[in-house]
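Structure below is start.txt: compact mmCIF, C-alpha atoms.
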# COMPACT_ATOMS: atom_id res chain seq x y z
CA MET A 1 16.90 3.94 1.96
CA LYS A 2 15.93 0.44 0.89
CA LYS A 3 18.39 -2.27 1.70
CA VAL A 4 20.30 -4.00 -1.11
CA VAL A 5 20.19 -7.75 -0.74
CA SER A 6 22.27 -10.47 -2.37
CA LEU A 7 20.85 -13.82 -1.42
CA LEU A 8 23.79 -15.46 -3.13
CA LEU A 9 26.00 -14.12 -0.37
CA ALA A 10 23.65 -15.11 2.46
CA VAL A 11 24.68 -17.77 4.91
CA MET A 12 23.14 -21.03 3.80
CA MET A 13 22.54 -22.21 7.31
CA LEU A 14 22.69 -20.34 10.60
CA LEU A 15 24.17 -22.52 13.32
CA SER A 16 22.06 -20.91 15.98
CA VAL A 17 19.09 -18.74 15.13
CA VAL A 18 16.77 -16.64 17.25
CA ALA A 19 13.53 -15.92 15.36
CA VAL A 20 12.15 -12.47 16.13
CA GLY A 21 8.71 -12.16 14.56
CA ALA A 22 4.98 -12.55 14.80
CA VAL A 23 2.86 -15.67 14.61
CA SER A 24 -0.70 -15.04 13.49
CA ALA A 25 -2.03 -18.40 12.33
CA SER A 26 -1.61 -22.06 13.20
CA ALA A 27 1.17 -23.85 11.33
CA ALA A 28 -1.32 -26.00 9.42
CA ASP A 29 -3.10 -22.90 8.04
CA VAL A 30 -0.04 -20.81 7.15
CA ALA A 31 0.71 -20.31 3.46
CA LEU A 32 3.37 -17.61 3.90
CA LYS A 33 5.41 -17.66 7.10
CA ALA A 34 6.46 -14.44 8.85
CA GLY A 35 9.99 -13.58 7.75
CA SER A 36 9.72 -15.40 4.42
CA ARG A 37 9.86 -13.67 1.05
CA ILE A 38 7.52 -13.04 -1.87
CA PHE A 39 9.18 -12.68 -5.29
CA PHE A 40 8.19 -10.91 -8.50
CA ASP A 41 9.81 -11.96 -11.78
CA ASN A 42 9.99 -8.88 -14.01
CA SER A 43 11.35 -10.73 -17.05
CA ASN A 44 8.17 -10.53 -19.12
CA ALA A 45 6.71 -7.32 -17.70
CA GLY A 46 9.85 -5.20 -18.04
CA TRP A 47 8.58 -2.59 -15.59
CA ASN A 48 10.84 0.31 -14.61
CA GLN A 49 9.58 0.14 -11.01
CA VAL A 50 7.91 -2.68 -9.09
CA TYR A 51 5.66 -2.06 -6.09
CA PHE A 52 4.01 -4.53 -3.77
CA TYR A 53 0.53 -3.23 -2.87
CA ALA A 54 -1.24 -4.92 0.05
CA TRP A 55 -4.15 -4.17 2.32
CA ASN A 56 -3.87 -6.72 5.12
CA TYR A 57 -1.47 -8.86 7.20
CA GLY A 58 0.73 -6.01 8.36
CA PHE A 59 0.06 -3.74 5.39
CA PHE A 60 -2.46 -0.90 5.23
CA GLY A 61 -2.94 0.12 1.62
CA ASP A 62 0.83 0.40 1.18
CA PHE A 63 2.76 0.76 -2.08
CA VAL A 64 6.08 -0.80 -1.08
CA PRO A 65 9.02 -0.59 -3.53
CA MET A 66 10.41 -4.10 -3.83
CA ASP A 67 14.06 -5.02 -3.26
CA LYS A 68 16.16 -6.33 -6.14
CA VAL A 69 17.67 -9.66 -5.13
CA THR A 70 19.74 -12.30 -6.88
CA VAL A 71 18.88 -15.97 -6.46
CA GLU A 72 20.12 -19.25 -7.87
CA VAL A 73 17.51 -21.08 -9.98
CA PRO A 74 17.61 -24.25 -12.11
CA GLY A 75 18.83 -23.67 -15.66
CA GLU A 76 21.07 -24.90 -18.45
CA ASP A 77 24.63 -24.09 -19.44
CA GLU A 78 25.77 -23.36 -23.01
CA ASP A 79 25.93 -27.09 -23.72
CA GLY A 80 22.39 -27.72 -22.52
CA ASN A 81 23.45 -29.36 -19.28
CA GLN A 82 21.31 -28.86 -16.18
CA THR A 83 22.88 -26.41 -13.75
CA THR A 84 21.99 -23.41 -11.63
CA VAL A 85 22.02 -19.86 -12.94
CA SER A 86 21.77 -16.47 -11.28
CA LYS A 87 18.46 -14.70 -11.71
CA GLU A 88 17.44 -11.21 -10.63
CA LEU A 89 14.05 -10.97 -8.96
CA TYR A 90 12.17 -8.36 -6.96
CA SER A 91 11.32 -9.31 -3.40
CA ILE A 92 9.65 -8.28 -0.17
CA VAL A 93 9.64 -9.70 3.37
CA VAL A 94 6.34 -11.04 4.74
CA PRO A 95 5.94 -9.40 8.18
CA VAL A 96 3.33 -11.75 9.71
CA ASP A 97 2.04 -15.25 9.06
CA VAL A 98 -0.49 -15.28 6.21
CA PRO A 99 -3.19 -17.99 6.17
CA GLU A 100 -3.89 -20.23 3.22
CA GLY A 101 -6.20 -18.66 0.67
CA ALA A 102 -5.89 -15.05 1.86
CA GLU A 103 -6.32 -12.57 -1.00
CA TYR A 104 -4.53 -9.42 0.08
CA PHE A 105 -1.91 -8.17 -2.41
CA LEU A 106 -1.04 -7.36 -6.00
CA PHE A 107 1.89 -5.92 -7.97
CA THR A 108 1.96 -2.60 -9.83
CA ASP A 109 4.44 -0.32 -11.59
CA SER A 110 3.02 2.94 -10.20
CA THR A 111 1.80 4.38 -6.91
CA ASP A 112 -1.27 6.12 -8.35
CA TRP A 113 -2.88 3.34 -10.43
CA SER A 114 -1.91 5.13 -13.65
CA GLY A 115 0.24 2.24 -14.89
CA HIS A 116 0.00 -1.54 -15.02
CA GLN A 117 -1.05 -3.90 -12.26
CA THR A 118 -1.70 -7.59 -11.73
CA GLN A 119 -4.93 -9.09 -10.55
CA ASN A 120 -5.38 -9.57 -6.80
CA GLN A 121 -3.18 -12.42 -5.61
CA THR A 122 -3.92 -15.17 -3.08
CA ALA A 123 -1.48 -16.69 -0.58
CA LEU A 124 -1.02 -20.38 -1.42
CA THR A 125 1.18 -23.04 0.12
CA GLY A 126 4.18 -23.78 -2.10
CA VAL A 127 3.89 -20.49 -4.02
CA ASN A 128 6.13 -17.48 -3.45
CA THR A 129 6.99 -16.27 -6.97
CA TYR A 130 4.72 -14.43 -9.40
CA THR A 131 5.60 -13.89 -13.08
CA PRO A 132 3.40 -11.75 -15.35
CA THR A 133 2.88 -13.26 -18.78
CA THR A 134 2.89 -9.88 -20.58
CA PRO A 135 3.91 -6.25 -19.88
CA THR A 136 0.30 -5.40 -19.04
CA ALA A 137 0.62 -8.04 -16.29
CA GLY A 138 -3.05 -8.72 -15.65
CA ARG A 139 -2.39 -12.44 -15.23
CA VAL A 140 0.60 -14.14 -13.63
CA THR A 141 2.07 -17.61 -13.43
CA GLU A 142 2.84 -18.94 -9.98
CA SER A 143 5.92 -20.89 -8.86
CA TYR A 144 8.24 -21.42 -5.93
CA THR A 145 11.79 -20.06 -5.58
CA GLU A 146 14.25 -21.67 -3.18
CA TYR A 147 16.48 -19.20 -1.35
CA PRO A 148 18.82 -19.34 1.64
CA VAL A 149 17.74 -18.36 5.14
CA THR A 150 19.21 -15.05 6.25
CA THR A 151 18.45 -12.26 8.71
CA GLU A 152 15.45 -10.17 7.64
CA VAL A 153 13.85 -6.97 8.94
CA ALA A 154 10.62 -5.15 8.16
CA ILE A 155 8.57 -2.11 9.12
CA THR A 156 4.79 -1.80 8.76
CA PRO A 157 3.11 0.15 7.49
CA TYR A 158 5.55 1.42 4.86
CA SER A 159 6.49 5.13 4.70
CA LYS A 160 3.32 7.19 4.59
CA GLN A 161 1.51 10.29 5.74
CA PHE A 162 -0.84 10.39 8.71
CA THR A 163 -3.10 13.02 10.22
CA ASP A 164 -3.53 12.18 13.93
CA THR A 165 -1.45 9.23 15.10
CA ILE A 166 -0.12 6.12 13.43
CA ASP A 167 0.92 2.72 14.83
CA VAL A 168 4.26 1.54 13.44
CA THR A 169 5.61 -1.98 14.01
CA VAL A 170 9.21 -3.16 13.60
CA TYR A 171 10.18 -6.79 12.97
CA ALA A 172 13.34 -8.87 12.73
CA PHE A 173 13.66 -12.52 11.74
CA ASN A 174 16.40 -15.15 11.84
CA VAL A 175 18.71 -13.13 14.06
CA ALA A 176 21.88 -15.15 14.58
CA GLN A 177 23.34 -15.82 18.03
CA GLY A 178 25.60 -12.95 19.06
CA GLU A 179 23.70 -10.45 16.93
CA LYS A 180 20.85 -8.22 18.04
CA ALA A 181 17.89 -6.43 16.50
CA THR A 182 17.48 -2.71 17.25
CA TYR A 183 15.27 0.15 16.15
CA THR A 184 15.70 3.92 16.15
CA ILE A 185 13.03 6.62 16.01
CA ASP A 186 14.31 10.02 14.90
CA TYR A 187 11.68 12.73 15.42
CA THR A 188 11.72 15.90 13.31
CA ASN A 189 10.26 17.76 16.28
CA GLU A 190 13.29 18.48 18.44
CA THR A 191 11.13 18.63 21.59
CA THR A 192 10.22 14.94 21.26
CA GLU A 193 12.86 12.59 22.62
CA ASP A 194 14.35 10.24 20.06
CA VAL A 195 14.65 6.48 20.55
CA THR A 196 18.15 5.26 19.72
CA ASP A 197 19.25 1.66 19.10
CA LYS A 198 16.49 0.15 21.22
CA GLU A 199 17.02 -3.61 21.36
CA PHE A 200 14.02 -5.92 20.85
CA THR A 201 13.33 -9.64 20.63
CA GLU A 202 9.65 -9.52 19.63
CA PRO A 203 7.80 -7.21 17.22
CA VAL A 204 7.42 -3.75 18.76
CA THR A 205 4.56 -1.37 17.96
CA THR A 206 5.00 2.35 18.62
CA THR A 207 2.34 5.04 18.26
CA LEU A 208 3.72 8.10 16.50
CA ALA A 209 2.08 11.50 16.96
CA GLU A 210 4.80 13.52 15.21
CA THR A 211 6.78 13.25 11.98
CA ALA A 212 9.56 10.69 12.45
CA THR A 213 12.00 8.41 10.65
CA VAL A 214 12.05 4.81 11.85
CA THR A 215 15.02 2.50 11.22
CA VAL A 216 15.30 -1.17 12.14
CA THR A 217 18.58 -3.10 11.94
CA ALA A 218 19.63 -6.70 12.52
CA GLY A 219 22.93 -8.13 11.32
CA ASN A 220 23.49 -6.81 7.80
CA ALA A 221 19.79 -6.14 7.22
CA THR A 222 18.33 -2.67 7.63
CA GLU A 223 15.13 -0.84 6.67
CA THR A 224 14.14 2.81 7.03
CA CYS A 225 10.70 4.41 6.70
CA LYS A 226 9.53 7.99 7.16
CA PHE A 227 6.13 8.83 8.62
CA THR A 228 4.99 12.38 7.98
CA LYS A 229 2.23 14.09 9.95
CA VAL A 230 0.01 16.22 7.73
CA ALA A 231 -3.29 18.05 7.89
CA ASP A 232 -6.54 16.32 6.92
CA ALA A 233 -7.45 16.29 3.24
CA VAL A 234 -10.43 18.66 3.07
CA VAL A 235 -12.55 18.31 -0.07
CA ASN A 236 -14.76 21.27 -1.00
CA VAL A 237 -17.13 21.03 -3.97
CA THR A 238 -19.64 23.16 -5.83
CA ALA A 239 -22.25 20.86 -7.35
CA ARG A 240 -24.84 21.58 -10.02
CA TYR A 241 -27.06 19.87 -12.53
CA GLU A 242 -26.21 19.88 -16.24
CA SER A 243 -28.92 22.53 -16.63
CA GLY A 244 -26.90 24.88 -14.43
CA ALA A 245 -29.19 24.72 -11.40
CA ASP A 246 -27.58 24.12 -7.98
CA TYR A 247 -27.61 20.53 -6.78
CA THR A 248 -29.26 20.27 -3.35
CA GLY A 249 -29.66 16.53 -2.78
CA PRO A 250 -27.45 14.15 -0.80
CA LEU A 251 -23.89 14.00 -2.12
CA TYR A 252 -21.45 11.20 -1.37
CA VAL A 253 -17.69 11.00 -1.81
CA TYR A 254 -16.54 7.44 -2.49
CA THR A 255 -13.00 7.01 -1.13
CA PHE A 256 -10.53 4.30 -2.14
CA GLY A 257 -6.84 3.90 -2.98
CA GLY A 258 -4.43 6.36 -1.40
CA ASP A 259 -3.81 5.10 2.11
CA ARG A 260 -7.29 3.61 2.45
CA VAL A 261 -7.46 0.13 3.99
CA GLY A 262 -10.81 -0.32 2.26
CA SER A 263 -13.30 1.69 0.22
CA GLU A 264 -16.53 3.34 1.33
CA PHE A 265 -19.21 5.90 0.59
CA ASN A 266 -19.07 9.00 2.82
CA LEU A 267 -21.97 11.46 3.06
CA MET A 268 -20.60 14.96 2.47
CA ASN A 269 -21.65 17.83 4.71
CA PRO A 270 -23.51 20.86 3.33
CA VAL A 271 -21.67 24.15 3.80
CA LEU A 272 -23.69 26.47 6.06
CA ASP A 273 -24.12 30.22 5.82
CA ASP A 274 -23.99 32.68 8.73
CA ASN A 275 -27.52 31.66 9.69
CA ASP A 276 -26.61 27.96 9.73
CA GLU A 277 -28.60 27.38 6.56
CA PRO A 278 -27.22 25.13 3.78
CA ILE A 279 -25.69 27.02 0.85
CA PRO A 280 -27.16 25.48 -2.32
CA GLY A 281 -24.63 23.38 -4.20
CA LYS A 282 -21.84 23.69 -1.58
CA TYR A 283 -20.50 20.59 0.21
CA THR A 284 -17.40 19.65 2.18
CA TYR A 285 -15.80 16.56 3.70
CA SER A 286 -12.56 15.89 5.63
CA ILE A 287 -10.60 12.74 4.82
CA ASN A 288 -8.19 11.34 7.37
CA GLY A 289 -5.18 10.70 5.17
CA SER A 290 -5.24 10.45 1.38
CA ALA A 291 -7.69 8.82 -1.01
CA GLN A 292 -8.88 8.69 -4.57
CA VAL A 293 -12.38 10.11 -4.84
CA ILE A 294 -15.56 9.66 -6.87
CA PHE A 295 -18.61 11.85 -6.24
CA THR A 296 -22.08 10.30 -6.41
CA THR A 297 -25.75 10.94 -5.64
CA GLY A 298 -26.16 7.67 -3.71
CA ASN A 299 -24.25 5.02 -1.78
CA ASP A 300 -24.99 1.77 -3.63
CA TRP A 301 -23.23 0.88 -6.88
CA ASP A 302 -25.94 -1.70 -7.61
CA ASP A 303 -28.59 1.03 -7.60
CA GLN A 304 -27.78 2.79 -10.86
CA VAL A 305 -30.90 4.92 -10.66
CA ASN A 306 -30.12 6.61 -7.35
CA THR A 307 -26.31 6.31 -7.43
CA ARG A 308 -25.05 8.38 -10.34
CA LYS A 309 -21.59 9.84 -10.85
CA PHE A 310 -20.83 13.54 -11.08
CA LEU A 311 -18.36 14.79 -13.66
CA ILE A 312 -15.38 16.43 -11.93
CA TYR A 313 -13.97 19.79 -13.06
CA SER A 314 -11.05 21.77 -11.66
CA GLY A 315 -10.36 25.34 -12.70
CA GLY A 316 -13.15 25.05 -15.27
CA ILE A 317 -11.50 22.08 -17.00
CA LEU A 318 -12.94 18.57 -17.06
CA LEU A 319 -10.38 16.35 -15.32
CA GLU A 320 -8.85 13.64 -17.47
CA ASN A 321 -8.65 11.50 -14.33
CA GLN A 322 -12.18 11.26 -12.95
CA GLU A 323 -10.90 9.48 -9.84
CA PRO A 324 -8.41 12.11 -8.54
CA LEU A 325 -6.15 11.56 -5.55
CA VAL A 326 -6.60 14.07 -2.72
CA THR A 327 -4.01 14.52 0.02
CA ALA A 328 -3.25 16.92 2.86
CA GLY A 329 -4.76 20.38 2.68
CA GLU A 330 -7.80 21.62 0.77
CA SER A 331 -8.98 20.51 -2.68
CA GLU A 332 -11.60 22.41 -4.68
CA PHE A 333 -13.74 20.77 -7.37
CA THR A 334 -16.77 21.73 -9.44
CA LEU A 335 -19.19 18.86 -10.00
CA VAL A 336 -21.72 18.53 -12.79
CA LEU A 337 -24.45 15.86 -12.73
CA PRO A 338 -25.25 14.78 -16.29
CA ALA A 339 -28.88 14.33 -17.25
CA ALA A 340 -30.19 10.84 -16.57
CA GLU A 341 -30.27 8.49 -19.50
CA THR A 342 -33.74 7.63 -20.73
Now, as a test, write the supplied structure out as structure tokens.
Amino acid sequence: MKKVVSLLLAVMMLLSVVAVGAVSASAADVALKAGSRIFFDNSNAGWNQVYFYAWNYGFFGDFVPMDKVTVEVPGEDEDGNQTTVSKELYSIVVPVDVPEGAEYFLFTDSTDWSGHQTQNQTALTGVNTYTPTTPTAGRVTESYTEYPVTTEVAITPYSKQFTDTIDVTVYAFNVAQGEKATYTIDYTNETTEDVTDKEFTEPVTTTLAETATVTVTAGNATETCKFTKVADAVVNVTARYESGADYTGPLYVYTFGGDRVGSEFNLMNPVLDDNDEPIPGKYTYSINGSAQVIFTTGNDWDDQVNTRKFLIYSGGILLENQEPLVTAGESEFTLVLPAAET
């Protein structure tokens, strides 16, 4: 369960603070310091949900639901006098130092790219707040929001599925004297020993090989994530030309989104018969985790002659989404290669 934060109620100054976090860049190069916050102003967008999607600096293709927080910002009273007013923003804790100029995150209102999203955003000194100009949110305005220092915690990556093992890191920042930061690992498998209220003073990384719930707590701050072990996503396809003839050339599955850190072309394997001979038009590929997929004849988007897209059918119906998400278990698709344009 995500924590509920009211920065209005935070202590404005901690008399004695122990910082528990990671340092990944020199102070001169840091745009966003570990333990600081990034804010999203939903006033213009009006999204029902706000997710922070990032692919670096502690995150690994994570869609993280952002916390609702209340901050004090400059404003005017009913008489037009300058004052401070309460404003609701969405926020997330930065788990590690982020260098100046790093492009590594965006904001979206869905976890499957079916909704709206901003452009990729860059970490800049003096910027921590991003406000879309319209509901479609392609472009944002940048600003800085002052907020009080308080105890923060984080877990990376965010709740997700994994197929073999996964490295999970817990963080705590601005832990006041007399308080402590602890983490708990609750395994679903009763034969694996749980970790209960383990105290830590530096970020701790644990490799999970079984489904588990991880909770980190410091002061009034808490965060919980669940990591679920699943089978590989096995993609099986039957490919043919528009004429109806079996396709027998190289076939690539381009993977992106899902829990991908990056995107890449993957050469699919032909399915073999009992004599270890390729079965015409039959291909398979196992994906570690989840991904959106596109099927192509080549592995270079710049080569439009040799890299052509297949149309994707399922159950005899052309998919409305031609970049489907595949997850644990087996997925079956029929692919049709349209005739080349002349």
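Nearest to Gly316 in chain A of all the residues A:Thr122, A:Asn44, A:Asn189, A:Val336 is A:Val336, counting only C-alpha atoms.
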Atomic distance CA of Glu152 in chain A - CA of Asp67 in chain A, expressed in Å with one decimal: 12.1 Å
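Between Thr133 in chain A and the residues A:Thr150, A:Asn42, A:Ser86, A:Asn174, the shortest atom-to-atom distance, using only C-alpha atoms, involves A:Asn42.
Nearest to Val204 in chain A of all the residues A:Thr297, A:Thr334, A:Thr169, A:Thr248 is A:Thr169, counting all atoms listed in the file.
The coordinates place CA of Leu89 in chain A at 12.4 Å from CA of Pro132 in chain A.
Using only C-alpha atoms, the nearest neighbour of Pro65 in chain A within the list A:Asp300, A:Glu242, A:Asp109, A:Asp259 is A:Asp109.
If only C-alpha atoms are the atoms counted, then among A:Gly46, A:Pro74, A:Gly289, A:Gly101 the closest residue to Gln161 in chain A is A:Gly289.
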